[in-house]
Every structure is written in structure tokens, then in C-alpha cells.
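Colleague: Take this structure first; my questions come after.
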Amino acid sequence: MSRQTRLNTSLWAYLRWPFIFLLLLLIMDIGIFGVNKKAGIMAGIFSLLYLFVMLILYFLKKPKLNSELVKFAAAYGQVQRQLLKELIIPYGILDIEGHLLWANDELFNIIGQEKPANRSITNVFPEILKEQFPKDQEDIELHLNKDDKAYRVLLRRVVIPDFDDYGNWIYEEDIENMANILIVMYLYDETEILGLKQENNDQKMIVGLLYIDNYEEALESIDEVKRSLLTALVDRKINKYMQGISAIIKKLEKDKYIFVFQKKYLPQLQISKFSLLEEVRAVNIGNEMAVTISMGLGVNEVSYEKAYEYARAAIDLALGRGGDQAVVKEGERILYYGGKSVSVEKSTRVKARVKAHALKEFVEAKDKVVIMGHSIADIDSFGSAVGVYRIAKTLNKKAHIVIQEVTSSIRPMLNRFLNNPDYEDDMILNNEQAIAAVDVNTLVVIVDVNRPNYTQCPKLLELAQTVVILDHHRQSGEAIDNAVLSYIEPYASSACEMVAEILQYIGEGLRLKQVEADAMYAGMMIDTNNFLTKTGVRTFEAAAYLRRNGADITKIRKMFRTEMNEYMRKAESITSTEIFMKYYALAECNPRGVDSPTVVAAQVANELLNIDHTKASFVFTEYQDKIYISARSIDEVNVQVVMEKIGGGGHMSVAGAQLKGSTIQEAMERIKEVLRKMTENGEI
């Protein structure tokens with residue numbers, strides 16, 4: 001298409017019709033002249049007369065026609081301008097530098113004074129920056145607030161064509177100098193729409209489950225005549241709290257509730273950090289044991305059925321983390337509240353018996369059992385694996401224990417199994433051998449860990465069709481999905497304690513060998529810091545069972561005595577200790593010449609708790625291109641929550657974390673910042 005103005009094409013086509021008609025007359029004259037010369041001459045005279053009159057009219061009327069066109073264009077442009085000026089949608093024109101060139105009345109009503117906008121639209125709307133202007137024909141949308149109103153802003157790039165020296169239009173693709181580019185700005189008031197969206201979101205229902213953690217234990221700790229009163233007081237606290245958020249609550253069992261409430265109350269609960277946890281714990285009418293509750297909330301905008309599934313997953317997670325806390329699950333996002341109190345040991349062993357029978361059935365159904373613990377195995381991981389190994393051998397199944405790296409913490413005990421005629425040569429496998437050994441008829445048992453990335457060989461979890469988990473660490477949002485049996489008991493002191501209980505319900509004439517009892521007893525000793533941490537009645541019952549099976553305490557103590565170099569590294573770490581905020585001990589453990597620096601760091605963390613007024617200790621060590629953090633406390637600080645802030649986990653009094661791509665100083669600063677913020681927020 002030619003570069004002539006498109007606006008004039010139709011007009012000039014109309015004005016050309018007289019010339020076209022003249023051409024037709026000339027053709028007709030030629031035809032008539034061929035038939036009759038006189039008639040042709042007369043027709044030619046009339047055609048010349050028509051041409052003469054047409055030219056006179058054309059040249060006489062052209063100035064007037066152009067004048068009328070100009071007047072019409074001016075009037076039409078004025079109408080357009082007036083329409084835009086009075087347009088109900090706020091509308092403005094900016095140059096490419098962000099200066100406001102023109103605005104209609106509605107936009108002026110919003111921006112108020114014109115001068116700041118003339119200098120830069122950013123002076124009026126800080127959200128609109130020059131860098132955000134559209135670079136091509138695609139519109140840009142922004143959202144901003146002004147004078148308690150919300151607006152959706154649409155920015156559109158407009159190119160005003162120019163004329164060349166011959167009157168032809170220059171289009172955008174020919175423009176090198178972009179001085180004639182303008183930005184058109186529309187503002188749409190979305191205050192009401194957003195308000196309705198928020199109201200709709202606030203009215204969505206959240207499903208919650210509430211369980212009393214220690215119902216039976218709390219009732220047993222009080223006189224029988226006061227038990228009904230204690231139950232009534234707890235019920236009253238729960239119902240009064242639910243009334244405050246207009247919730248519907250229904251008691252499912254004596255210690256289980258389900259409740260439903262509107263989403264608009266959720267921020268209120270989160271700000272108060274679910275104060276019901278504290279209120280119920282404060283109920284005391286002479287009961288020796290405080291009543292604690294766990295809450296699981298499911299948030300799903302699609303269906304109530306899915307929200308209930310989330311609530312079930314959340315309450316399982318709360319219980320798996322030791323109870324006395326609230327967990328909110330919204331899709332993949334999981335939030336934790338509470339969990340400050342020390343977990344109370346369950347006196348009943350019914351759960352252990354049920355899990356033992358289930359484990360026995362899974363072992364009997366498979367041809368082979370592969371057991372693995374966490375990476376950089378410690379004696380608790382190895383000892384519990386040995387216990388499961390004995391279960392498999394008692395049931396006449398082939399069994400293997402996966403250990404990729406042998407550290408000084410397990411080497412003395414492991415050496416007692418190697419080259420031992422009572423054990424097969426392939427009892428211990430590395431990762432590659434374990435991957436080759438796993439098939440469809442293999443049961444994989446995970447001990448002393450419940451996070452897939454922390455296992456000895458995460459690849460086995462993908463290969464195995466049947467996975468069992470036996471662990472005493474609190475659960476986190478990261479879990480092993482394909483487990484057919486999950487026995488996670490955060491009340492237990494160690495994985496060896498859990499396996500020792502399970503062994504007693506396997507039957508089949510199972511009896512541990514002395515070396516196996518030694519390994520499990522050593523695991524309990526290390527994880528409880530010589531029975532000083534997280535010990536309960538069941539801990540000593542498990543220890544008694546291992547003693548009856550021949551565990552030799554003297555031999556275990558000699559086996560795990562510290563080498564001189566490790567003792568010196570511990571002394572150096574303790575000497576370098578920094579006391580932060582009066583109550584937190586932070587130290588660096590130098591791994592120089594130490595075979596298992598993470599174990600030494602854990603021992604240093606335990607030692608630092610002996611310093612007066614120390615609420616928690618954090619020891620940092622660099623090992624295998626990672627920073628390992630060992631966190632310990634007695635009862636005043638939940639170090640599990642602290643470690644979860646940086647991606648770790650554990651127990652209330654024993655926790656840890658691993659950081660990649662960080663230095664020890666950076667890791668220390670992160671811990672300090674977490675402690676500072678948690679103290680300011682009242683979390684510790």
C-alpha cells in the first residue's frame with residue numbers, strides 16, 4: 001500500500017469519479033464517431049463542454065471544499081477532545097520521560113495538583129516508574145492505592161505518525177527518533193471489586209481438628225473426684241475460645257474435637273499464636289501433669305473435603321512433633337505455632353506393640369530387608385539398625401545395613417561385627433551395593449531419621465516399593481511419602497529405645513546377642529547424654545531389657561572413650577565460646593585432625609549446658625563443604641523451632657541443621673538474628 005494518508009483515500013476516490021466519467025464519454029464518442037461522423041462530432045463538442053465546466057467547478061470549489069474539510073476536522077477533533085475530557089474513566093497522556101502532558105477531569109480529580117504530575121507521574125503515583133513503561137505493543141498492568149482507593153493502571157504505548165517532506169506519513173517501523181512516542185494511562189477503580197473478593201475470601205471455611213495430647217495421663221495424675229471437674233474446665237476453655245471466633249465445634253471422642261470457622265479469624269489466631277494452647281496448659285486443680293492440646297488446621301479454597309484432608313495431615317504433623325502445638329497447612333505451605341513445653345512420655349506401650357506386629361508382617365512378606373539410617377551415621381542410628389537386623393534374621397530373612405562412611409563414632413562398635421563368624425560378610429553395604437541389592441521383594445527400613453534428604457542413600461527410597469520408618473525425631477514439612485508404616489515417636493529418647501520395645505513383641509524366640517545389645521545400649525547412652533536428657537520410665541525399661549540380653553556397660557564405656565586429639569578440640573571449642581544475649585552459648589568446633597567433627601560438636605554443645613544461666617548452646621563445625629550446627633537445651637528453649645527457622649529440625653532439647661554455601665561466621669550471624677527475632681516476638 002502507498003504511503004498516502006489513509007484518511008484521504010476515500011475522499012479522493014470520490015472526487016475522481018468525474019474524471020472517470022469523462023473517460024467513459026470519450027470512449028462513447030469514439031464509438032459514435034465510427035457509426036456517424038456528424039453525431040460523433042456533436043458528442044465530442046458536448047464532452048469538451050463537460051470537461052470545461054468540470055475544470056471550472058473543480059478549481060473554483062477546491063478551496064471552499066478544503067476549508068470545509070478543515071472546519072469539519074477541527075469540529076470533530078473538538079468533539080473528541082470534549083468526550084475524552086468528560087470521559088468517566090480516568091485517562092491521561094505521558095511522554096516517554098513520565099511527564100503528564102494531558103489528563104481528563106476524572107484523572108485530575110484523583111491526582112489533585114497538576115504540577116507534581118507534570119514534573120513526573122511518579123510524584124503522584126510512586127508505583128509507576130519510567131522503567132515500567134511498555135517497550136512494545138503489549139500493555140502493562142499495575143496495581144496501586146491512592147486516597148484509600150485501589151486502582152488498576154493500564155499503560156499503553158502509542159506512536160503518533162509524522163509526515164515526510166512530500167506529505168506522506170511515516171509509520172512506527174520507519175521511525176528512528178522516538179520523540180513522538182506517547183504513553184496512554186487508564187485508571188480503573190477496583191476498590192469495590194477487591195473488597196468483594198476479600199469478603200468472599202474471609203467467608204471461606206477452615207476445618208480444624210483439636211486433640212488432647214495426654215488425656216489419660218492427666219486424669220491419672222489427679223484424684224478421681226476431681227477428674228470430671230478437670231474435664232469440664234478444659235471443655236469450657238476450648239468452647240469459650242471457639243465462641244470468640246464464631247466457630248462450630250463438635251466433640252468426636254472424649255479427647256478429640258472437630259471445628260469449623262471463617263477464614264477471616266485465622267490472622268487473629270496466628271497473631272495470638274493460638275493462645276488456647278497456653279490457656280489449656282494453665283488449667284490446674286491439683287493435677288500433677290499439665291493438660292496439653294494439639295491443633296491441626298486445613299486451609300483449602302477448592303473444597304471442604306480437601307480442607308479436611310489438610311487438617312488431618314496437620315494434626316498428624318503436630319502429634320508427630322511432640323504435641324502441644326498448632327499446625328496450619330495451606331497447600332504445600334505449613335506453619336507451626338507453640339511446641340514450647342517438654343514432650344510428656346506416653347506410659348502405655350500399646351502403640352509399640354501394634355507397630356511391632358505390623359513390622360513383623362512386612363518383614364515376613366518380603367525376601368530381603370535393607371536397613372539404613374541418616375548420613376554420617378552415629379551409634380544410635382547404627383544400634384537401631386542392628387536391632388532391626390536381628391528381627392529380620394530371626395524371621396529367616398536376608399538383611400543388610402547401609403553405611404556409606406564409617407566415622408570414629410561407630411568404628412569401635414562396627415569393628416566387632418566385621419570379620420565376626422556370627423555375621424555374614426555382606427551385612428554392611430555401601431550405597432552402590434545397596435542400590436544393586438534392592439528389588440521388588442525388598443523391604444527398606446529407615447531408622448533414626450524421617451527426612452528423605454538426610455538418609456544414607458535417598459536413591460533407595462525411589463527404588464523401594466515398601467518403606468518402613470522408625471524414628472524418634474519430630475516431623476517436619478519434608479517427609480518420606482511412600483512409607484507403608486511410619487512409627488515416629490518424639491517422646492522416645494532414641495531410636496534404639498524404640499527398637500528395643502519392638503523387639504520384645506516380635507516373639508519367635510528372639511534374643512539379642514551381646515554385641516547387638518551393646519550397640520543398642522550405646523546408642524541410648526549417647527542420645528541421652530548418659531541418661532541425663534529425654535529419659536523416661538520406658539527409657540529405663542528398654543535399658544533393663546538390653547541389660548538382660550547381656551549389654552556390658554563397662555565395655556561400652558571403654559569403647560567410646562575420647563582420643564586425646566578430640567579432647568583437645570573440645571577444649572579449644574569451649575575456650576572460644578561466645579555468650580550471646582546473656583543466655584546463649586555459641587562456639588566453633590575446629591575439625592582439624594578429628595575423624596567425626598559433628599560428634600565432637602554435639603559433645604561440646606552438651607558440655608556448654610553446664611555453664612550457669614545458659615539456656616541453649618549452638619556449636620558450629622565445617623565438614624564436607626557444609627556447616628553443621630548442633631543445638632542443645634535443657635528445658636527453657638525449644639531448639640527445634642530455632643533450627644527449623646534455618647531449615648533444620650530435631651527435638652525440643654536436641655536439634656541440628658546443615659547449611660550449604662555458607663561460612664561459620666555467616667551461620668553464627670543467622671542464628672543470632674533468629675534468636676534476636678524470636679526473643680522480640682516472644683517465641684522464646
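Naming works like this for the C-alpha cells: A, B, ... for the chains as they're shown, residue 1 at the start of each chain, ligands 1 onward in shown order.
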List as JSON, numbers by chain the protein and nucleic acid residues near range 584-589 of chain A, meaning an atom at most 9 Å away when only C-alpha atoms are counted, but skip any in the same chain fewer than 4 places from it.
Modeller: {"A": [569, 570, 572, 573, 574, 575, 576, 577, 578, 579, 580, 597, 598, 600, 601, 604, 605, 608, 609, 611, 613, 614, 615, 616, 617, 618, 619, 620, 621, 622, 664, 668, 675]}
Colleague: Using DSSP assignments from the backbone, pull out every residue in range 91-286 of chain A that falls under strand (DSSP E) and give it to me as a PyMOL selection string.
Modeller: chain A and resi 91-95+100-103+140-146+149-159+162-163+169-170+181-189+205-212+248-253+256-262
Colleague: One decimal, Å: what's the distance from CA of Ile671 in chain A over to CA of Gly649 in chain A, could you say?
Modeller: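 Between these atoms lies a distance of 13.6 Å.
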Colleague: Using only C-alpha atoms, can you tell me which of A:Leu51, A:Val369, A:Met525, A:Ile469 comes closest to Lys393 in chain A?
Modeller: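 Ranked by minimum distance to Lys393 in chain A, first place goes to A:Val369.
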Colleague: Do you have the CA of Asp612 in chain A-CA of Asn565 in chain A distance handy?
Modeller: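 These two atoms are separated by 26.9 Å.
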Colleague: Name all residues at most 9 Å from range 271-282 of chain A (count only C-alpha atoms; drop same-chain ones fewer than 6 positions away) and give them as a PyMOL selection string.
Modeller: chain A and resi 233-234+237-238+241+290-295+324-326+337-338
Colleague: Report as a compact mmCIF listing (two decimals) with N, CA, C and O atoms, in the first residue's frame all protein, DNA and RNA residues lying within 9 Å of Thr231 in chain A, evaluated on only C-alpha atoms, omitting residues in the same chain fewer than 4 positions from it.
Modeller:
# COMPACT_ATOMS: atom_id res chain seq x y z
N TYR A 215 -4.65 -36.98 77.61
CA TYR A 215 -5.93 -37.05 78.33
C TYR A 215 -5.87 -38.07 79.47
O TYR A 215 -6.14 -37.76 80.63
N LEU A 219 -5.54 -37.30 83.67
CA LEU A 219 -6.59 -37.73 84.60
C LEU A 219 -6.02 -38.64 85.69
O LEU A 219 -6.46 -38.60 86.84
N LYS A 226 -11.92 -35.32 91.28
CA LYS A 226 -11.68 -34.07 90.56
C LYS A 226 -11.56 -34.28 89.05
O LYS A 226 -11.42 -33.30 88.30
N ARG A 227 -11.62 -35.52 88.61
CA ARG A 227 -11.39 -35.78 87.18
C ARG A 227 -12.47 -35.15 86.31
O ARG A 227 -12.18 -34.57 85.26
N ASP A 235 -12.96 -28.46 78.70
CA ASP A 235 -14.04 -28.27 77.72
C ASP A 235 -14.49 -26.82 77.67
O ASP A 235 -14.74 -26.27 76.59
N ARG A 236 -14.59 -26.20 78.83
CA ARG A 236 -15.05 -24.80 78.90
C ARG A 236 -14.04 -23.87 78.23
O ARG A 236 -14.42 -22.95 77.50
Colleague: For the structure I just gave you, how does DSSP split range 285-502 of chain A - specifically, which residues are helix (DSSP H, G or I)? Reply as a PyMOL selection string.
Modeller: chain A and resi 304-320+350-365+379-394+411-414+425-427+431-437+452-454+459-463+495-502
